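Asker: Here you go, this is run35.cif (mmCIF, C-alpha atoms).
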```cif
data_work
loop_
_atom_site.label_atom_id
_atom_site.label_comp_id
_atom_site.auth_asym_id
_atom_site.auth_seq_id
_atom_site.Cartn_x
_atom_site.Cartn_y
_atom_site.Cartn_z
CA MET A 782 -12.77 26.77 -7.37
CA HIS A 783 -14.25 23.84 -9.27
CA GLN A 784 -17.83 22.96 -10.07
CA VAL A 785 -18.76 19.43 -9.11
CA GLU A 786 -21.93 17.74 -10.30
CA ALA A 787 -22.66 14.19 -9.20
CA THR A 788 -25.61 11.89 -8.81
CA VAL A 789 -25.92 11.40 -5.07
CA ASN A 790 -28.48 8.87 -3.85
CA GLY A 791 -30.28 9.22 -7.17
CA ALA A 792 -30.50 13.02 -7.21
CA THR A 793 -28.24 15.49 -8.99
CA ARG A 794 -26.15 17.50 -6.55
CA ARG A 795 -23.87 20.42 -7.31
CA ALA A 796 -21.20 22.13 -5.28
CA GLU A 797 -18.46 24.67 -5.77
CA VAL A 798 -15.35 23.32 -4.09
CA SER A 799 -11.68 24.11 -3.75
CA PRO A 800 -9.47 21.33 -5.17
CA GLU A 801 -8.31 20.01 -1.80
CA THR A 802 -11.87 19.46 -0.50
CA THR A 803 -12.58 15.78 0.13
CA LEU A 804 -15.74 14.04 -0.98
CA LEU A 805 -16.50 13.41 2.70
CA SER A 806 -16.42 17.14 3.55
CA THR A 807 -18.60 17.92 0.56
CA LEU A 808 -21.15 15.25 1.52
CA ARG A 809 -21.33 16.47 5.09
CA ASP A 810 -20.80 20.22 4.82
CA SER A 811 -22.20 21.15 1.39
CA TRP A 812 -24.93 18.59 0.98
CA GLY A 813 -25.92 17.97 4.61
CA LEU A 814 -25.44 14.22 4.31
CA THR A 815 -23.91 13.63 7.72
CA GLY A 816 -24.48 9.86 7.82
CA SER A 817 -20.95 9.25 6.52
CA LYS A 818 -18.58 9.84 9.43
CA LEU A 819 -15.15 11.42 9.77
CA GLY A 820 -13.09 8.94 11.78
CA CYS A 821 -9.39 8.54 11.14
CA ASP A 822 -9.26 10.76 8.01
CA VAL A 823 -6.51 8.54 6.51
CA GLY A 824 -8.41 5.56 5.12
CA ASP A 825 -7.92 3.11 7.98
CA CYS A 826 -11.29 3.08 9.76
CA GLY A 827 -13.94 2.96 7.01
CA ALA A 828 -16.43 5.20 8.87
CA CYS A 829 -16.65 7.39 5.74
CA THR A 830 -17.32 4.48 3.33
CA VAL A 831 -19.61 5.32 0.40
CA LEU A 832 -20.25 3.72 -2.97
CA VAL A 833 -18.86 5.45 -6.04
CA ASP A 834 -20.09 3.87 -9.27
CA GLY A 835 -21.04 0.85 -7.17
CA LEU A 836 -17.63 0.32 -5.53
CA SER A 837 -17.01 0.94 -1.83
CA VAL A 838 -14.43 3.64 -1.23
CA ASN A 839 -13.21 5.80 1.64
CA SER A 840 -14.68 9.23 0.95
CA CYS A 841 -11.97 10.86 3.10
CA LEU A 842 -9.42 9.78 0.48
CA LEU A 843 -11.28 11.07 -2.56
CA LEU A 844 -11.28 14.67 -3.67
CA ALA A 845 -14.74 15.98 -4.38
CA VAL A 846 -13.55 16.99 -7.86
CA GLN A 847 -12.84 13.31 -8.58
CA VAL A 848 -16.53 12.35 -8.41
CA ASN A 849 -17.64 14.90 -10.98
CA GLY A 850 -20.07 13.08 -13.28
CA ARG A 851 -20.09 9.94 -11.16
CA GLU A 852 -22.71 8.19 -9.03
CA VAL A 853 -22.40 8.29 -5.25
CA VAL A 854 -24.49 6.31 -2.76
CA THR A 855 -24.32 7.11 0.96
CA ILE A 856 -26.11 5.57 3.93
CA GLU A 857 -28.92 8.07 3.37
CA GLY A 858 -29.49 6.48 -0.04
CA LEU A 859 -30.25 3.09 1.48
CA GLY A 860 -33.09 4.10 3.71
CA GLY A 861 -34.46 6.89 5.87
CA PHE A 862 -37.39 7.80 8.07
CA GLU A 863 -40.00 6.41 5.67
CA TYR A 864 -38.48 2.98 5.27
CA LEU A 865 -35.29 1.17 6.21
CA HIS A 866 -33.06 -1.01 4.07
CA ARG A 867 -33.08 -4.65 5.14
CA LEU A 868 -29.48 -4.25 6.36
CA GLN A 869 -30.54 -1.37 8.60
CA THR A 870 -33.50 -3.39 9.89
CA ALA A 871 -31.24 -6.35 10.66
CA PHE A 872 -28.75 -4.12 12.49
CA GLU A 873 -31.62 -2.70 14.54
CA ARG A 874 -33.19 -6.10 15.27
CA LEU A 875 -29.92 -7.67 16.43
CA SER A 876 -28.68 -4.61 18.34
CA SER A 877 -25.67 -4.35 16.06
CA PHE A 878 -25.33 -0.64 16.84
CA GLN A 879 -23.38 0.18 19.96
CA CYS A 880 -22.25 3.79 19.70
CA GLY A 881 -23.31 3.63 16.07
CA PHE A 882 -20.40 5.62 14.67
CA CYS A 883 -19.07 2.85 12.43
CA ALA A 884 -22.50 1.54 11.39
CA PRO A 885 -23.03 3.67 8.25
CA GLY A 886 -19.69 2.52 6.86
CA MET A 887 -20.28 -1.07 7.94
CA ILE A 888 -23.69 -1.12 6.26
CA ILE A 889 -22.36 0.41 3.03
CA SER A 890 -19.55 -2.19 2.93
CA ALA A 891 -22.11 -4.93 3.57
CA LYS A 892 -24.30 -3.59 0.77
CA ALA A 893 -21.33 -3.61 -1.62
CA LEU A 894 -20.71 -7.23 -0.67
CA LEU A 895 -24.34 -8.34 -1.05
CA ASP A 896 -24.71 -6.53 -4.38
CA GLU A 897 -21.90 -8.69 -5.71
CA ASN A 898 -22.40 -11.87 -3.70
CA PRO A 899 -25.95 -12.38 -2.34
CA ALA A 900 -24.98 -15.46 -0.32
CA PRO A 901 -21.54 -14.84 1.21
CA THR A 902 -19.96 -17.18 3.73
CA GLU A 903 -19.00 -15.83 7.15
CA PRO A 904 -15.30 -15.62 6.20
CA GLU A 905 -16.34 -13.66 3.10
CA ILE A 906 -18.39 -11.29 5.25
CA ARG A 907 -15.46 -10.77 7.61
CA GLU A 908 -13.09 -10.16 4.71
CA ALA A 909 -15.52 -7.68 3.14
CA LEU A 910 -15.66 -5.72 6.41
CA ALA A 911 -11.90 -5.78 7.09
CA GLY A 912 -11.70 -2.11 6.13
CA ASN A 913 -14.30 -1.07 8.72
CA LEU A 914 -13.19 -0.67 12.31
CA CYS A 915 -15.58 -0.60 15.29
CA ARG A 916 -14.26 1.42 18.21
CA CYS A 917 -16.65 -0.45 20.54
CA THR A 918 -15.20 -3.74 19.19
CA GLY A 919 -18.78 -4.84 18.56
CA TYR A 920 -18.01 -6.93 15.53
CA THR A 921 -19.93 -10.07 16.51
CA LYS A 922 -23.37 -8.47 16.26
CA VAL A 923 -22.47 -6.82 12.96
CA ILE A 924 -21.48 -10.15 11.45
CA ASP A 925 -24.64 -11.70 12.97
CA ALA A 926 -26.89 -9.12 11.28
CA ILE A 927 -25.39 -9.67 7.84
CA THR A 928 -25.36 -13.44 8.30
CA GLU A 929 -29.04 -13.36 9.24
CA ILE A 930 -29.96 -11.48 6.08
CA CYS A 931 -28.09 -14.02 3.99
CA ARG A 932 -29.83 -16.89 5.77
CA ASP A 933 -33.25 -15.29 5.25
CA ARG A 934 -32.45 -14.88 1.62
CA ALA A 935 -31.25 -18.48 1.30
CA VAL A 936 -34.56 -19.63 2.83
CA ALA A 937 -36.51 -17.39 0.48
CA VAL A 938 -34.70 -18.81 -2.51
CA GLU A 939 -35.31 -22.38 -1.38
CA ALA A 940 -39.02 -21.87 -0.58
CA PRO A 941 -41.50 -22.88 -3.29
CA ALA A 942 -42.96 -19.95 -5.20
CA MET B 1004 -6.43 21.20 6.58
CA VAL B 1005 -4.82 20.46 3.30
CA ARG B 1006 -2.74 23.12 1.58
CA SER B 1007 -4.41 24.02 -1.67
CA PHE B 1008 -3.13 23.13 -5.10
CA GLU B 1009 -4.08 23.33 -8.72
CA TYR B 1010 -6.03 20.25 -9.89
CA VAL B 1011 -5.63 19.14 -13.49
CA VAL B 1012 -7.07 16.20 -15.42
CA PRO B 1013 -5.17 15.55 -18.65
CA GLY B 1014 -7.03 13.65 -21.36
CA SER B 1015 -4.05 11.88 -22.92
CA LEU B 1016 -0.65 10.56 -21.92
CA ASP B 1017 1.11 13.16 -24.10
CA GLU B 1018 -0.78 15.95 -22.40
CA ALA B 1019 0.03 14.48 -18.98
CA LEU B 1020 3.74 14.27 -19.78
CA GLU B 1021 3.83 17.85 -21.07
CA THR B 1022 2.13 18.95 -17.84
CA MET B 1023 4.74 17.08 -15.82
CA LYS B 1024 7.56 18.66 -17.82
CA GLU B 1025 6.13 22.09 -17.14
CA HIS B 1026 5.51 21.65 -13.40
CA ALA B 1027 8.02 19.05 -12.13
CA PRO B 1028 9.10 18.78 -9.36
CA HIS B 1029 6.13 20.68 -7.96
CA LEU B 1030 3.58 18.24 -9.37
CA LYS B 1031 2.21 15.00 -7.93
CA PRO B 1032 0.32 12.47 -10.06
CA LEU B 1033 -2.90 11.22 -8.46
CA ALA B 1034 -3.79 7.58 -9.10
CA GLY B 1035 -5.90 5.85 -6.43
CA GLY B 1036 -5.10 8.52 -3.87
CA THR B 1037 -4.90 6.12 -0.93
CA ASP B 1038 -1.35 7.26 -0.21
CA LEU B 1039 -1.32 10.68 -1.86
CA LEU B 1040 -4.34 12.04 0.03
CA VAL B 1041 -2.77 11.04 3.34
CA GLU B 1042 0.47 12.69 2.25
CA LEU B 1043 -1.37 15.87 1.24
CA LYS B 1044 -3.09 15.99 4.62
CA ASN B 1045 0.19 15.54 6.50
CA ASN B 1046 2.50 17.68 4.42
CA LEU B 1047 2.39 21.44 4.74
CA ASN B 1048 4.79 21.77 1.81
CA GLY B 1049 2.66 19.80 -0.60
CA PRO B 1050 2.70 19.94 -4.40
CA GLN B 1051 1.52 23.00 -6.32
CA VAL B 1052 -0.21 20.82 -8.90
CA VAL B 1053 -2.07 17.54 -8.48
CA MET B 1054 -2.56 15.72 -11.78
CA ASP B 1055 -5.43 13.22 -11.83
CA LEU B 1056 -4.50 10.24 -14.03
CA SER B 1057 -8.04 8.87 -14.33
CA GLY B 1058 -8.50 10.25 -17.84
CA LEU B 1059 -5.56 8.38 -19.40
CA PRO B 1060 -6.61 5.21 -21.27
CA GLU B 1061 -2.90 4.40 -21.82
CA LEU B 1062 -2.54 3.59 -18.11
CA ARG B 1063 -5.45 1.15 -17.95
CA GLY B 1064 -6.17 -2.45 -18.80
CA VAL B 1065 -4.49 -5.85 -18.75
CA GLU B 1066 -3.55 -7.35 -22.10
CA GLU B 1067 -1.37 -9.98 -23.72
CA THR B 1068 1.28 -8.59 -26.03
CA SER B 1069 4.10 -10.23 -27.97
CA ALA B 1070 6.44 -9.34 -25.08
CA GLY B 1071 4.23 -10.66 -22.27
CA LEU B 1072 1.37 -9.56 -20.05
CA ARG B 1073 1.01 -5.78 -19.91
CA ILE B 1074 -0.65 -4.33 -16.83
CA GLY B 1075 -1.52 -0.63 -16.87
CA ALA B 1076 -0.25 1.38 -13.92
CA MET B 1077 -3.81 2.52 -13.09
CA VAL B 1078 -5.17 -1.03 -12.75
CA THR B 1079 -6.60 -1.31 -9.23
CA HIS B 1080 -5.89 -4.13 -6.77
CA THR B 1081 -9.55 -5.18 -7.03
CA GLU B 1082 -9.21 -5.37 -10.82
CA ILE B 1083 -6.12 -7.55 -10.41
CA GLU B 1084 -8.05 -9.86 -8.07
CA LYS B 1085 -10.74 -10.32 -10.74
CA ASP B 1086 -8.87 -10.16 -14.03
CA PRO B 1087 -9.17 -13.34 -16.14
CA LEU B 1088 -5.76 -12.89 -17.83
CA ILE B 1089 -4.02 -12.47 -14.49
CA ALA B 1090 -5.91 -15.51 -13.15
CA GLU B 1091 -4.70 -17.53 -16.11
CA HIS B 1092 -1.07 -16.38 -16.31
CA VAL B 1093 0.03 -14.91 -12.97
CA PRO B 1094 -2.39 -16.00 -10.21
CA ALA B 1095 0.21 -15.22 -7.53
CA MET B 1096 -0.46 -11.55 -8.29
CA MET B 1097 -4.07 -12.08 -7.20
CA ALA B 1098 -2.90 -13.57 -3.92
CA ALA B 1099 -0.69 -10.55 -3.28
CA ALA B 1100 -3.40 -8.04 -4.29
CA ALA B 1101 -5.90 -9.68 -1.92
CA THR B 1102 -3.65 -8.92 1.08
CA ILE B 1103 -3.54 -5.18 0.45
CA GLY B 1104 -5.58 -3.01 2.84
CA GLY B 1105 -9.33 -3.43 3.09
CA VAL B 1106 -11.82 -3.61 0.22
CA GLN B 1107 -12.07 0.19 0.02
CA THR B 1108 -8.30 0.53 -0.35
CA ARG B 1109 -8.19 -2.19 -3.01
CA ASN B 1110 -11.04 -0.56 -4.92
CA MET B 1111 -9.15 2.75 -5.08
CA GLY B 1112 -5.46 1.83 -4.89
CA THR B 1113 -3.55 0.98 -8.05
CA ILE B 1114 -0.63 -1.29 -8.78
CA GLY B 1115 1.35 1.61 -10.21
CA GLY B 1116 0.67 3.71 -7.15
CA ASN B 1117 1.77 0.86 -4.92
CA LEU B 1118 5.08 0.49 -6.78
CA VAL B 1119 5.76 4.22 -6.89
CA THR B 1120 5.53 4.49 -3.10
CA ALA B 1121 8.55 2.13 -3.01
CA VAL B 1122 7.96 1.37 0.64
CA PRO B 1123 9.99 -1.71 1.65
CA SER B 1124 6.81 -3.53 2.74
CA LEU B 1125 4.81 -3.01 -0.45
CA ASP B 1126 2.75 -6.11 -1.15
CA SER B 1127 2.77 -6.09 -4.94
CA GLY B 1128 6.58 -6.01 -5.11
CA PRO B 1129 7.78 -9.54 -4.26
CA VAL B 1130 5.64 -11.44 -6.80
CA LEU B 1131 6.58 -8.99 -9.54
CA LEU B 1132 10.29 -9.33 -8.70
CA ALA B 1133 9.97 -13.12 -8.65
CA LEU B 1134 8.48 -12.91 -12.16
CA ASP B 1135 11.21 -10.62 -13.60
CA ALA B 1136 8.73 -7.77 -14.12
CA GLN B 1137 9.77 -4.80 -16.23
CA VAL B 1138 8.28 -1.32 -15.94
CA THR B 1139 7.73 1.30 -18.62
CA VAL B 1140 8.24 4.89 -17.59
CA ALA B 1141 7.58 7.87 -19.81
CA ALA B 1142 8.53 11.52 -19.98
CA ALA B 1143 7.79 14.15 -22.58
CA GLY B 1144 11.07 13.17 -24.27
CA GLY B 1145 10.18 9.49 -24.66
CA LYS B 1146 9.72 6.15 -22.96
CA ARG B 1147 12.17 3.76 -21.36
CA GLN B 1148 11.82 0.29 -19.93
CA LEU B 1149 13.73 -1.01 -16.94
CA PRO B 1150 13.66 -4.06 -14.70
CA LEU B 1151 11.71 -3.61 -11.49
CA THR B 1152 14.91 -4.42 -9.56
CA GLU B 1153 16.35 -1.14 -10.91
CA PHE B 1154 13.12 0.80 -10.34
CA PHE B 1155 13.42 0.47 -6.56
CA VAL B 1156 16.35 2.64 -5.48
CA GLY B 1157 15.83 2.98 -1.71
CA PRO B 1158 13.10 3.31 0.87
CA ARG B 1159 10.42 5.51 -0.76
CA GLN B 1160 12.81 6.19 -3.63
CA THR B 1161 12.40 5.08 -7.22
CA ALA B 1162 14.37 5.56 -10.41
CA LEU B 1163 11.66 7.92 -11.69
CA ALA B 1164 12.89 11.38 -12.66
CA PRO B 1165 10.59 14.17 -11.40
CA ASP B 1166 9.03 14.51 -14.86
CA GLU B 1167 8.62 10.76 -15.46
CA LEU B 1168 5.43 8.74 -15.07
CA LEU B 1169 5.06 4.99 -14.53
CA VAL B 1170 2.96 3.77 -17.46
CA ASP B 1171 2.76 0.01 -17.21
CA ILE B 1172 4.21 -3.21 -15.85
CA LEU B 1173 5.22 -6.11 -18.07
CA ILE B 1174 5.46 -9.75 -17.03
CA PRO B 1175 7.71 -11.31 -19.70
CA THR B 1176 6.19 -14.10 -21.81
CA VAL B 1177 8.60 -16.72 -20.42
CA MET B 1178 7.21 -16.07 -16.93
CA LEU B 1179 3.52 -16.50 -17.85
CA GLY B 1180 2.12 -19.68 -16.31
CA ARG B 1181 5.22 -20.16 -14.18
CA ARG B 1182 4.65 -21.71 -10.77
CA ALA B 1183 4.71 -18.89 -8.23
CA SER B 1184 3.59 -18.28 -4.69
CA PHE B 1185 3.19 -15.37 -2.25
CA ARG B 1186 3.04 -15.17 1.54
CA LYS B 1187 2.54 -12.18 3.78
CA PHE B 1188 3.15 -12.13 7.51
CA GLY B 1189 1.39 -9.36 9.43
CA LEU B 1190 0.29 -8.74 12.99
CA ARG B 1191 -3.32 -9.54 12.06
CA LYS B 1192 -5.25 -10.73 9.03
CA GLY B 1193 -6.93 -7.53 7.93
CA GLN B 1194 -5.34 -4.25 6.83
CA ALA B 1195 -1.89 -5.11 8.19
CA LEU B 1196 1.45 -3.87 6.92
CA ALA B 1197 3.78 -6.77 6.19
CA LEU B 1198 6.36 -7.67 8.83
CA VAL B 1199 7.83 -9.82 6.08
CA ASN B 1200 6.43 -10.82 2.72
CA ALA B 1201 7.91 -13.32 0.32
CA ALA B 1202 7.37 -14.67 -3.16
CA ALA B 1203 8.97 -17.42 -5.22
CA SER B 1204 8.73 -18.62 -8.79
CA VAL B 1205 10.18 -21.90 -10.05
CA ALA B 1206 10.67 -23.54 -13.43
CA VAL B 1207 10.75 -27.33 -13.23
CA GLU B 1208 12.38 -29.60 -15.80
CA GLY B 1209 12.71 -33.35 -15.46
CA GLY B 1210 11.87 -33.34 -11.77
CA ARG B 1211 14.50 -30.71 -10.99
CA ILE B 1212 14.36 -27.00 -10.28
CA ALA B 1213 15.73 -25.46 -13.47
CA GLU B 1214 15.27 -21.86 -12.36
CA ALA B 1215 14.18 -20.20 -9.14
CA ARG B 1216 13.44 -16.61 -8.10
CA ILE B 1217 12.96 -15.63 -4.48
CA ALA B 1218 11.90 -12.12 -3.50
CA LEU B 1219 11.49 -10.66 -0.03
CA GLY B 1220 9.76 -7.51 1.21
CA ALA B 1221 9.96 -5.47 4.44
CA VAL B 1222 13.39 -6.89 5.24
CA SER B 1223 15.72 -4.42 3.49
CA PRO B 1224 15.66 -0.82 2.24
CA THR B 1225 13.87 -2.08 -0.89
CA VAL B 1226 12.13 -5.28 -1.91
CA ILE B 1227 15.03 -7.64 -2.74
CA ARG B 1228 15.86 -10.82 -4.63
CA ALA B 1229 17.54 -13.48 -2.49
CA MET B 1230 19.88 -14.63 -5.22
CA SER B 1231 22.19 -16.76 -3.08
CA ALA B 1232 19.19 -18.70 -1.85
CA GLU B 1233 18.04 -19.08 -5.45
CA ARG B 1234 21.40 -20.65 -6.35
CA VAL B 1235 21.04 -23.11 -3.47
CA VAL B 1236 17.89 -24.66 -4.92
CA THR B 1237 18.75 -24.41 -8.60
CA GLY B 1238 19.39 -27.90 -10.02
CA LYS B 1239 17.96 -29.65 -6.97
CA GLN B 1240 15.22 -32.28 -7.05
CA ILE B 1241 11.77 -30.80 -6.50
CA ASN B 1242 11.22 -32.99 -3.42
CA ASP B 1243 14.55 -32.05 -1.78
CA ALA B 1244 13.28 -30.49 1.46
CA ASP B 1245 16.84 -30.12 2.78
CA ALA B 1246 17.66 -27.83 -0.13
CA LEU B 1247 14.62 -25.67 0.68
CA ARG B 1248 15.68 -25.49 4.33
CA GLU B 1249 19.20 -24.48 3.33
CA ALA B 1250 17.83 -21.84 0.94
CA ALA B 1251 15.69 -20.49 3.77
CA GLU B 1252 18.77 -20.11 6.00
CA VAL B 1253 20.75 -18.47 3.20
CA ALA B 1254 17.90 -16.04 2.45
CA VAL B 1255 18.12 -14.77 6.03
CA THR B 1256 21.75 -13.75 5.43
CA GLU B 1257 20.77 -11.75 2.35
CA ALA B 1258 18.35 -9.46 4.20
CA GLN B 1259 18.95 -6.58 6.60
CA PRO B 1260 15.78 -6.56 8.71
CA ILE B 1261 15.33 -3.81 11.28
CA ASP B 1262 13.85 -3.55 14.76
CA ASP B 1263 10.75 -1.39 14.87
CA PHE B 1264 7.50 -1.14 16.81
CA ARG B 1265 5.91 -3.92 14.73
CA ALA B 1266 8.57 -6.59 15.20
CA SER B 1267 12.16 -7.18 16.19
CA ALA B 1268 14.83 -7.89 13.61
CA ALA B 1269 15.30 -11.30 15.21
CA TYR B 1270 11.63 -12.16 14.71
CA ARG B 1271 11.78 -10.92 11.13
CA ARG B 1272 14.77 -13.21 10.48
CA GLU B 1273 12.67 -16.17 11.64
CA LEU B 1274 9.86 -15.06 9.34
CA ILE B 1275 12.24 -14.75 6.39
CA ALA B 1276 13.30 -18.39 6.83
CA VAL B 1277 9.73 -19.63 7.28
CA GLY B 1278 8.44 -17.49 4.43
CA THR B 1279 11.18 -18.51 2.01
CA PHE B 1280 10.62 -22.20 2.76
CA ARG B 1281 6.86 -21.96 2.37
CA VAL B 1282 6.77 -19.98 -0.87
CA LEU B 1283 9.25 -22.39 -2.46
CA GLU B 1284 7.29 -25.37 -1.19
CA GLU B 1285 3.98 -23.93 -2.40
CA ALA B 1286 5.33 -22.94 -5.81
CA LEU B 1287 6.81 -26.43 -6.29
CA ALA B 1288 3.53 -28.08 -5.26
CA GLN B 1289 1.63 -26.34 -8.05
CA THR B 1290 0.99 -28.04 -11.32
CA THR B 1291 1.34 -25.85 -14.33
CA ALA B 1292 -0.41 -25.78 -17.65
CA ALA B 1293 2.80 -24.65 -19.33
#
```
What does this structure look like when you write it as structure tokens?
Answerer:
Amino acid sequence: MHQVEATVNGATRRAEVSPETTLLSTLRDSWGLTGSKLGCDVGDCGACTVLVDGLSVNSCLLLAVQVNGREVVTIEGLGGFEYLHRLQTAFERLSSFQCGFCAPGMIISAKALLDENPAPTEPEIREALAGNLCRCTGYTKVIDAITEICRDRAVAVEAPA
Amino acid sequence: MVRSFEYVVPGSLDEALETMKEHAPHLKPLAGGTDLLVELKNNLNGPQVVMDLSGLPELRGVEETSAGLRIGAMVTHTEIEKDPLIAEHVPAMMAAAATIGGVQTRNMGTIGGNLVTAVPSLDSGPVLLALDAQVTVAAAGGKRQLPLTEFFVGPRQTALAPDELLVDILIPTVMLGRRASFRKFGLRKGQALALVNAAASVAVEGGRIAEARIALGAVSPTVIRAMSAERVVTGKQINDADALREAAEVAVTEAQPIDDFRASAAYRRELIAVGTFRVLEEALAQTTAA
């Protein structure tokens, strides 16, 4: 067994794991963070997307031991019952959730994009979400929500102080 | 459920190579994990030892050396997309890296890991072949360098001995700044495996093609050079479209595409011709600082 200690959503988390345990299993089963979903389990669907040291990765393809000493952000780190992240609010406002299974991964991928590029074009948004599949095929509303955030931000930047 | 294994994280290349010597062939190196984790999940007879390469500085970084541009095996596809030296000297590598998987896969997956899989459709292969890339492999007994053409032995087979590790990739100095182009044909834009991918590099002197390299992926047991097609265009004027068309037809005869569930061999032959023509045309259209 291996000891893993990582900063998860700003808090230190520890777990004792066998080497073959994925980060996704550890998030869900050891730490109770069930927002990240188990979809394909082979890195195609993106439902398990989390940020590790700021980069979006598929947590089903990382061993928990690999994040020892690193910083992990999951959907729970963006917002919760007390407040929602503006991406979550936009998804809610535009009904971008259908079954909702892909949404945590979609939102994490969108956050990774906006952290790097606050005003992406629609093709850039689509490219950034290419690794996130929606089984309801509800892509249009997802793109709409992210586009709306970028437009709001563009307006905010243009408005006089 | 994945069969368990021993997980080790060596802190230096020497330590890693000693570990490989001790445990080969029951050891698998772990780079980005985007292929290895899937393999571990699918394979009941997995490795006894998984060796995480993340602690080896020798496998990282992109740098100019007297021999050319050295790219560490652990450099990720995302790093290739953003690296200023690659942008300056071998921008076609960025084009190829951008077609690999989704963002998550590019953030994790490495160029060394991509090459070691040696799948015929690997996206980083054609540009590297078109630029005469060399690879350095190391074992506890020492290092050796070989051309990438010799590294690929067959489908999912490389020239690596069980105790050897891919350390870095070298683009020779003469190839830096050379006009080069990459095209990938898939069934969709995102996260697709190549039906055919193609790359070309050309050296132009006095309005003529002095040297050409054409490389094709997903059309043969390994990524291949289409050398007969290269000979067709060598010495021709850069605006000789007939020569490009002839090269495209010749390239088709150099490949052995297969029928599978993604595409028929006949369709792949069409794509080889179109791809060869376009990568030559695009490479010739570039202006070069060199």
Asker: Could you tell me which residues the PyMOL selection byres ((chain B) within 8 of (chain A)) returns for this structure, as a list in words?
Answerer: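 Against this file, the PyMOL selection byres ((chain B) within 8 of (chain A)) returns the residues Val1005, Arg1006, Ser1007, Phe1008, Glu1009, Tyr1010, Gly1036, Thr1037, Leu1040, Val1041, Gly1104, Gly1105, Val1106, Gln1107, Thr1108, Asn1110, Met1111, Gly1193 and Gln1194 of chain B.
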Asker: Please produce an output containing C-alpha atoms for each residue in the selection, written as a tab-separated table (two decimals), in the frame of the given file.
Answerer:
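Written output follows (again.tsv):
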```tsv
chain	number	residue	atom	x	y	z
B	1005	VAL	CA	-4.82	20.46	3.30
B	1006	ARG	CA	-2.74	23.12	1.58
B	1007	SER	CA	-4.41	24.02	-1.67
B	1008	PHE	CA	-3.13	23.13	-5.10
B	1009	GLU	CA	-4.08	23.33	-8.72
B	1010	TYR	CA	-6.03	20.25	-9.89
B	1036	GLY	CA	-5.10	8.52	-3.87
B	1037	THR	CA	-4.90	6.12	-0.93
B	1040	LEU	CA	-4.34	12.04	0.03
B	1041	VAL	CA	-2.77	11.04	3.34
B	1104	GLY	CA	-5.58	-3.01	2.84
B	1105	GLY	CA	-9.33	-3.43	3.09
B	1106	VAL	CA	-11.82	-3.61	0.22
B	1107	GLN	CA	-12.07	0.19	0.02
B	1108	THR	CA	-8.30	0.53	-0.35
B	1110	ASN	CA	-11.04	-0.56	-4.92
B	1111	MET	CA	-9.15	2.75	-5.08
B	1193	GLY	CA	-6.93	-7.53	7.93
B	1194	GLN	CA	-5.34	-4.25	6.83
```
Asker: On this file, the PyMOL selection byres ((chain A and resi 817) around 12) gives some set of residues; write that set as number ranges by chain.
Answerer: A: 804-810, 812-816, 818-820, 822, 826-832, 838-841, 853-858, 881-889
Asker: Could you tell me, as number ranges by chain, exactly which residues end up selected when the PyMOL selection byres ((chain B and resi 1014-1025) around 10) is applied to this structure?
Answerer: B: 1011-1013, 1026-1032, 1052, 1054-1062, 1141-1145, 1165-1168, 1170
Asker: Find the spatial neighbours of Arg794 (chain A), counting all atoms listed in the file, within a cut-off of 9 Å - ignore same-chain residues fewer than 3 positions away - and output them as a ChimeraX atom specification.
Answerer: /A:785-789,812
Asker: Could you list, as JSON, numbers by chain, every residue within 10 Å of Thr928 (chain A), counting only C-alpha atoms and ignoring same-chain residues fewer than 6 positions away?
Answerer: {"A": [871, 900, 901, 902, 903, 906, 922, 934]}
Asker: Anything within 9 Å of (6.4, -26.4, -2.2): list those residues as an MDAnalysis selection string, counting all atoms listed in the file and sticking to the file's coordinates.
Answerer: chainID B and resid 1184 1241:1242 1244 1247 1280:1289
Asker: Rounded to one decimal place, report the CA of Ile930 (chain A)-CA of Arg867 (chain A) distance in Å.
Answerer: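 Between these atoms lies a distance of 7.6 Å.
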Asker: Any idea what the distance is between CA of Pro1123 (chain B) and CA of Ala1258 (chain B)?
Answerer: 11.7 Å
Asker: Which residue, B:Ser1204, B:Arg1248, B:Ala1095, B:Leu1039, has the smallest gap to Phe1185 (chain B) when you use all atoms listed in the file?
Answerer: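 Residue with the minimum atom-to-atom distance to Phe1185 (chain B): B:Ala1095.
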Asker: Figure out the distance between CA of Ala1232 (chain B) and CA of Val1253 (chain B), please, to one decimal in Å.
Answerer: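 Atom-to-atom, CA of Val1253 (chain B) and CA of Ala1232 (chain B) are spaced 5.3 Å apart.
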Asker: For Tyr920 (chain A), which residue among A:Gly835, A:Leu859, A:Glu905, A:Ser877 is the nearest when counting all atoms listed in the file?
Answerer: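 Looking at the shortest contact to Tyr920 (chain A), the residue is A:Ser877.
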Asker: Do you know which residues are at most 9 Å from region 1117-1122 of chain B counting only C-alpha atoms, after dropping those on the same chain fewer than 2 positions away, and could you put them as a list in words?
Answerer: Asp1038, Ala1076, Gly1112, Thr1113, Ile1114, Gly1115, Ser1124, Leu1125, Asp1126, Ser1127, Gly1128, Phe1154, Phe1155, Val1156, Gly1157, Pro1158, Arg1159, Gln1160, Thr1161, Leu1163, Leu1169, Ala1221, Pro1224, Thr1225 and Val1226 of chain B
Asker: Fewer than 4 positions away in the same chain doesn't count, so skip those; otherwise give me all residues within 10 Å of Glu1084 (chain B), counting only C-alpha atoms, as a PyMOL selection string.
Answerer: chain B and resi 1079-1080+1089-1090+1094-1101+1109
